[in-house]
file run00.cif (mmCIF, C-alpha atoms)
data_structure
loop_
_atom_site.group_PDB
_atom_site.id
_atom_site.type_symbol
_atom_site.label_atom_id
_atom_site.label_comp_id
_atom_site.auth_asym_id
_atom_site.auth_seq_id
_atom_site.Cartn_x
_atom_site.Cartn_y
_atom_site.Cartn_z
ATOM 1 C CA MET H 29 35.450 -19.866 11.069
ATOM 2 C CA LEU H 30 35.763 -16.128 11.638
ATOM 3 C CA ASP H 31 37.542 -16.827 14.928
ATOM 4 C CA GLY H 32 40.159 -18.808 12.992
ATOM 5 C CA TYR H 33 40.778 -15.853 10.686
ATOM 6 C CA CYS H 34 41.115 -13.464 13.610
ATOM 7 C CA ALA H 35 43.455 -15.794 15.482
ATOM 8 C CA SER H 36 45.579 -16.354 12.375
ATOM 9 C CA LEU H 37 45.659 -12.649 11.638
ATOM 10 C CA CYS H 38 46.609 -11.753 15.218
ATOM 11 C CA ALA H 39 49.322 -14.398 15.268
ATOM 12 C CA GLY H 40 50.646 -13.144 11.938
ATOM 13 C CA VAL H 41 50.625 -9.514 13.035
ATOM 14 C CA ALA H 42 52.401 -10.454 16.249
ATOM 15 C CA GLY H 43 55.129 -11.987 14.117
ATOM 16 C CA ARG H 44 54.631 -15.516 15.383
ATOM 17 C CA ASP H 45 53.382 -17.013 12.149
ATOM 18 C CA SER H 46 53.969 -15.278 8.818
ATOM 19 C CA ALA H 47 52.241 -18.112 6.976
ATOM 20 C CA ALA H 48 49.013 -17.188 8.792
ATOM 21 C CA LEU H 49 48.729 -13.955 6.821
ATOM 22 C CA ASP H 50 49.219 -15.861 3.562
ATOM 23 C CA GLU H 51 46.463 -18.273 4.604
ATOM 24 C CA VAL H 52 44.046 -15.406 5.284
ATOM 25 C CA GLU H 53 44.919 -13.748 1.957
ATOM 26 C CA VAL H 54 44.379 -16.973 0.004
ATOM 27 C CA SER H 55 41.085 -17.719 1.726
ATOM 28 C CA LYS H 56 39.781 -14.214 0.987
ATOM 29 C CA ARG H 57 40.872 -14.474 -2.650
ATOM 30 C CA GLY H 58 39.084 -17.807 -2.944
ATOM 31 C CA THR H 59 35.921 -16.295 -1.497
ATOM 32 C CA TRP H 60 35.427 -13.495 -4.029
ATOM 33 C CA GLN H 61 36.727 -15.644 -6.878
ATOM 34 C CA GLU H 62 33.914 -18.126 -6.338
ATOM 35 C CA TYR H 63 31.246 -15.493 -7.037
ATOM 36 C CA LEU H 64 32.636 -14.160 -10.320
ATOM 37 C CA PRO H 65 31.029 -16.863 -12.511
ATOM 38 C CA TYR H 66 27.691 -16.108 -10.813
ATOM 39 C CA LEU H 67 28.146 -12.423 -11.649
ATOM 40 C CA ALA H 68 28.849 -13.302 -15.287
ATOM 41 C CA PHE H 69 25.849 -15.656 -15.418
ATOM 42 C CA GLY H 70 23.487 -13.113 -13.845
ATOM 43 C CA THR H 71 24.679 -10.361 -16.155
ATOM 44 C CA ALA H 72 24.255 -12.530 -19.267
ATOM 45 C CA LEU H 73 20.795 -13.597 -18.105
ATOM 46 C CA VAL H 74 19.625 -10.024 -17.455
ATOM 47 C CA ALA H 75 21.087 -8.818 -20.782
ATOM 48 C CA THR H 76 19.383 -11.627 -22.692
ATOM 49 C CA LEU H 77 16.043 -11.090 -20.993
ATOM 50 C CA GLY H 78 16.363 -7.352 -21.617
ATOM 51 C CA SER H 79 17.027 -7.836 -25.316
ATOM 52 C CA LEU H 80 14.106 -10.229 -25.603
ATOM 53 C CA TYR H 81 11.891 -7.748 -23.757
ATOM 54 C CA TYR H 82 12.787 -4.948 -26.150
ATOM 55 C CA SER H 83 12.265 -7.063 -29.278
ATOM 56 C CA GLU H 84 9.391 -9.380 -28.343
ATOM 57 C CA ILE H 85 7.310 -7.282 -25.935
ATOM 58 C CA VAL H 86 8.052 -3.662 -26.839
ATOM 59 C CA GLY H 87 8.417 -4.497 -30.543
ATOM 60 C CA PHE H 88 11.821 -2.983 -31.361
ATOM 61 C CA ILE H 89 13.339 -4.611 -34.438
ATOM 62 C CA PRO H 90 17.049 -5.405 -33.898
ATOM 63 C CA CYS H 91 19.556 -4.078 -36.407
ATOM 64 C CA THR H 92 22.390 -6.185 -37.846
ATOM 65 C CA LEU H 93 24.898 -5.200 -35.152
ATOM 66 C CA CYS H 94 22.286 -5.927 -32.473
ATOM 67 C CA TRP H 95 21.956 -9.434 -33.889
ATOM 68 C CA TYR H 96 25.728 -9.927 -33.772
ATOM 69 C CA GLN H 97 25.737 -8.884 -30.129
ATOM 70 C CA ARG H 98 22.845 -11.238 -29.373
ATOM 71 C CA ILE H 99 24.680 -14.105 -31.074
ATOM 72 C CA LEU H 100 27.596 -13.501 -28.714
ATOM 73 C CA MET H 101 25.514 -12.893 -25.544
ATOM 74 C CA TYR H 102 22.903 -15.640 -25.625
ATOM 75 C CA PRO H 103 25.305 -18.627 -25.426
ATOM 76 C CA LEU H 104 27.033 -17.069 -22.417
ATOM 77 C CA ILE H 105 24.049 -18.042 -20.250
ATOM 78 C CA LEU H 106 24.463 -21.724 -21.015
ATOM 79 C CA ILE H 107 28.276 -21.641 -20.970
ATOM 80 C CA THR H 108 28.456 -19.918 -17.582
ATOM 81 C CA LEU H 109 25.703 -22.109 -16.121
ATOM 82 C CA VAL H 110 27.467 -25.312 -17.174
ATOM 83 C CA GLY H 111 30.772 -23.912 -15.904
ATOM 84 C CA ILE H 112 29.194 -23.119 -12.533
ATOM 85 C CA LEU H 113 27.484 -26.507 -12.203
ATOM 86 C CA THR H 114 30.628 -28.441 -13.156
ATOM 87 C CA ARG H 115 32.929 -26.071 -11.235
ATOM 88 C CA ASP H 116 35.065 -25.802 -14.356
ATOM 89 C CA GLU H 117 38.186 -23.774 -13.610
ATOM 90 C CA ARG H 118 38.631 -23.152 -17.353
ATOM 91 C CA LEU H 119 35.348 -21.216 -17.580
ATOM 92 C CA PRO H 120 37.129 -17.899 -18.295
ATOM 93 C CA TYR H 121 38.796 -19.485 -21.328
ATOM 94 C CA TYR H 122 35.370 -20.267 -22.804
ATOM 95 C CA VAL H 123 33.681 -16.993 -21.891
ATOM 96 C CA LEU H 124 36.367 -14.370 -22.547
ATOM 97 C CA PRO H 125 36.526 -14.731 -26.353
ATOM 98 C CA LEU H 126 32.763 -14.263 -26.733
ATOM 99 C CA SER H 127 32.491 -11.431 -24.218
ATOM 100 C CA ALA H 128 35.527 -9.543 -25.540
ATOM 101 C CA ILE H 129 34.328 -9.751 -29.144
ATOM 102 C CA GLY H 130 30.828 -8.737 -28.021
ATOM 103 C CA LEU H 131 32.298 -5.758 -26.181
ATOM 104 C CA GLY H 132 34.053 -4.743 -29.390
ATOM 105 C CA PHE H 133 30.812 -4.940 -31.369
ATOM 106 C CA SER H 134 28.974 -2.946 -28.692
ATOM 107 C CA ILE H 135 31.577 -0.183 -28.646
ATOM 108 C CA TYR H 136 31.585 -0.036 -32.438
ATOM 109 C CA HIS H 137 27.768 0.108 -32.508
ATOM 110 C CA TYR H 138 27.633 2.790 -29.820
ATOM 111 C CA LEU H 139 30.177 4.912 -31.713
ATOM 112 C CA ILE H 140 28.006 4.626 -34.829
ATOM 113 C CA GLN H 141 25.017 5.845 -32.793
ATOM 114 C CA LEU H 142 27.014 8.771 -31.442
ATOM 115 C CA GLY H 143 28.090 9.716 -34.973
ATOM 116 C CA VAL H 144 31.794 9.244 -34.225
ATOM 117 C CA ILE H 145 32.011 6.516 -36.862
ATOM 118 C CA GLU H 146 30.248 6.828 -40.206
ATOM 119 C CA HIS H 147 27.228 4.591 -40.767
ATOM 120 C CA THR H 148 28.677 1.567 -42.583
ATOM 121 C CA GLY H 149 27.454 -0.924 -45.155
ATOM 122 C CA VAL H 150 27.011 -3.626 -42.511
ATOM 123 C CA CYS H 151 23.775 -1.891 -41.540
ATOM 124 C CA ALA H 152 22.591 -1.148 -45.070
ATOM 125 C CA VAL H 153 19.757 -3.696 -44.968
ATOM 126 C CA GLY H 154 16.820 -3.431 -42.585
ATOM 127 C CA VAL H 155 16.932 -1.253 -39.488
ATOM 128 C CA PRO H 156 19.739 1.334 -39.533
ATOM 129 C CA CYS H 157 22.351 0.778 -36.820
ATOM 130 C CA ASN H 158 22.344 4.434 -35.817
ATOM 131 C CA ALA H 159 18.652 4.291 -34.808
ATOM 132 C CA ARG H 160 18.083 4.946 -31.097
ATOM 133 C CA TYR H 161 15.024 3.198 -29.750
ATOM 134 C CA VAL H 162 15.862 4.227 -26.192
ATOM 135 C CA ASN H 163 18.015 7.033 -24.844
ATOM 136 C CA TYR H 164 17.972 7.031 -21.050
ATOM 137 C CA PHE H 165 19.713 9.953 -19.338
ATOM 138 C CA GLY H 166 20.791 11.225 -22.757
ATOM 139 C CA PHE H 167 23.452 8.545 -23.331
ATOM 140 C CA VAL H 168 22.208 5.071 -22.319
ATOM 141 C CA THR H 169 21.141 3.305 -25.508
ATOM 142 C CA ILE H 170 20.689 -0.399 -26.202
ATOM 143 C CA PRO H 171 24.296 -0.836 -27.475
ATOM 144 C CA PHE H 172 25.515 1.006 -24.359
ATOM 145 C CA MET H 173 23.577 -1.427 -22.148
ATOM 146 C CA ALA H 174 24.912 -4.406 -24.107
ATOM 147 C CA GLY H 175 28.448 -3.015 -23.874
ATOM 148 C CA THR H 176 28.076 -2.591 -20.129
ATOM 149 C CA ALA H 177 26.941 -6.201 -19.802
ATOM 150 C CA PHE H 178 29.818 -7.458 -21.963
ATOM 151 C CA ALA H 179 32.258 -5.332 -19.929
ATOM 152 C CA ILE H 180 30.991 -6.749 -16.617
ATOM 153 C CA ILE H 181 31.249 -10.300 -17.948
ATOM 154 C CA THR H 182 34.700 -9.681 -19.444
ATOM 155 C CA VAL H 183 36.099 -8.084 -16.292
ATOM 156 C CA SER H 184 34.628 -10.723 -13.983
ATOM 157 C CA MET H 185 36.027 -13.568 -16.086
ATOM 158 C CA ALA H 186 39.399 -11.831 -16.473
ATOM 159 C CA LEU H 187 39.596 -11.491 -12.687
ATOM 160 C CA ALA H 188 38.627 -15.148 -12.245
ATOM 161 C CA TRP H 189 41.273 -16.173 -14.785
ATOM 162 C CA ARG H 190 43.910 -14.019 -13.080
ATOM 163 C CA ALA H 191 43.056 -15.403 -9.643
ATOM 164 C CA SER H 192 43.195 -18.996 -10.894
ATOM 165 C CA THR H 193 46.572 -18.461 -12.588
ATOM 166 C CA GLN H 194 47.933 -16.855 -9.420
ATOM 167 C CA ASP H 195 46.760 -19.887 -7.445
ATOM 168 C CA LEU H 196 48.434 -22.214 -9.935
ATOM 169 C CA GLU H 197 51.684 -20.246 -9.792
ATOM 170 C CA ALA H 198 51.627 -20.345 -5.994
ATOM 171 C CA GLY H 199 50.989 -24.087 -6.083
ATOM 172 C CA LEU H 200 47.693 -23.724 -4.287
ATOM 173 C CA ALA H 201 45.285 -24.976 -6.927
#

call {"tool": "encode", "arguments": {"input": "run00.cif", "output": "structure tokens"}}
result
Amino acid sequence: MLDGYCASLCAGVAGRDSAALDEVEVSKRGTWQEYLPYLAFGTALVATLGSLYYSEIVGFIPCTLCWYQRILMYPLILITLVGILTRDERLPYYVLPLSAIGLGFSIYHYLIQLGVIEHTGVCAVGVPCNARYVNYFGFVTIPFMAGTAFAIITVSMALAWRASTQDLEAGLA
């Protein structure tokens, strides 16, 4: 298979077959595109297990904004898994709304913890949203970790969506 790529690339570079370069580009794009749902699934799984570890094993009580982020993260495991198993090309359409909204909640929560945004009424009951159970390296808190997970999922699904729309526009899908 690698020999075919090299032969196509050499023929394309030599000017004999310009379509050979397009074939190599499409096959490479298809290769990395296939792994993006796995990246989203793995990230959602690790984030969910991490949140369960902090609440169920360590004993940290989640605040209201933490619950909102959990509500948006937990279903992503099942959605991405089903999308992977069924090879659903529309997977980004299902995942992006949840991950983008979750990213918004995480950023908002992190800004509350940093003191950039005033502590709001949404966190008036129970655990305050500006509480920092963990603070690794002086800036990595639980909302920061959740935001990183949502960002990875959002970017990976946005790239998958972009690649699939480019394939459709090129008539290759």

call {"tool": "atom_distance", "arguments": {"input": "run00.cif", "atom1": "CA of Thr148 (chain H)", "atom2": "CA of Arg98 (chain H)"}}
result
19.3 Å

call {"tool": "resolve_selection", "arguments": {"input": "run00.cif", "expression": "the PyMOL selection byres ((chain H and resi 152-169) around 9)", "output": "list of chain:residue names"}}
result
H:Phe88, H:Ile89, H:Pro90, H:Cys91, H:Thr92, H:Leu93, H:Cys94, H:His137, H:Tyr138, H:Leu139, H:Ile140, H:Gln141, H:Leu142, H:Gly143, H:His147, H:Thr148, H:Gly149, H:Val150, H:Cys151, H:Ile170, H:Pro171, H:Phe172, H:Met173, H:Ala174

call {"tool": "atom_distance", "arguments": {"input": "run00.cif", "atom1": "CA of Arg115 (chain H)", "atom2": "CA of Gly130 (chain H)"}}
result
24.2 Å

call {"tool": "atom_distance", "arguments": {"input": "run00.cif", "atom1": "CA of Phe69 (chain H)", "atom2": "CA of Gly87 (chain H)"}}
result
25.6 Å

call {"tool": "resolve_selection", "arguments": {"input": "run00.cif", "expression": "the PyMOL selection byres ((chain H and resi 128) around 12)", "output": "PyMOL selection string"}}
result
chain H and resi 97+100-101+104+120-127+129-135+174-186

call {"tool": "write_last_selection", "arguments": {"input": "run00.cif", "atoms": "C-alpha atoms", "output": "compact mmCIF listing (two decimals), keeping the file's coordinate frame"}}
result
# COMPACT_ATOMS: atom_id res chain seq x y z
CA GLN H 97 25.74 -8.88 -30.13
CA LEU H 100 27.60 -13.50 -28.71
CA MET H 101 25.51 -12.89 -25.54
CA LEU H 104 27.03 -17.07 -22.42
CA PRO H 120 37.13 -17.90 -18.30
CA TYR H 121 38.80 -19.48 -21.33
CA TYR H 122 35.37 -20.27 -22.80
CA VAL H 123 33.68 -16.99 -21.89
CA LEU H 124 36.37 -14.37 -22.55
CA PRO H 125 36.53 -14.73 -26.35
CA LEU H 126 32.76 -14.26 -26.73
CA SER H 127 32.49 -11.43 -24.22
CA ILE H 129 34.33 -9.75 -29.14
CA GLY H 130 30.83 -8.74 -28.02
CA LEU H 131 32.30 -5.76 -26.18
CA GLY H 132 34.05 -4.74 -29.39
CA PHE H 133 30.81 -4.94 -31.37
CA SER H 134 28.97 -2.95 -28.69
CA ILE H 135 31.58 -0.18 -28.65
CA ALA H 174 24.91 -4.41 -24.11
CA GLY H 175 28.45 -3.02 -23.87
CA THR H 176 28.08 -2.59 -20.13
CA ALA H 177 26.94 -6.20 -19.80
CA PHE H 178 29.82 -7.46 -21.96
CA ALA H 179 32.26 -5.33 -19.93
CA ILE H 180 30.99 -6.75 -16.62
CA ILE H 181 31.25 -10.30 -17.95
CA THR H 182 34.70 -9.68 -19.44
CA VAL H 183 36.10 -8.08 -16.29
CA SER H 184 34.63 -10.72 -13.98
CA MET H 185 36.03 -13.57 -16.09
CA ALA H 186 39.40 -11.83 -16.47

call {"tool": "resolve_selection", "arguments": {"input": "run00.cif", "expression": "the PyMOL selection byres ((chain H and resi 105) around 9)", "output": "PyMOL selection string"}}
result
chain H and resi 68-73+76+101-104+106-110

call {"tool": "closest_residue", "arguments": {"input": "run00.cif", "among": "H:Val86, H:Ala191, H:Gln61, H:Tyr96", "to": "Tyr136 (chain H)", "atoms": "all atoms listed in the file"}}
result
H:Tyr96

call {"tool": "axis_aligned_box", "arguments": {"input": "run00.cif", "around": "region 150-164 of chain H", "padding_each_side": "8 Å", "output": "lines of an AutoDock Vina configuration file"}}
result
center_x = 21.0
center_y = 1.7
center_z = -33.1
size_x = 28.0
size_y = 26.7
size_z = 40.0
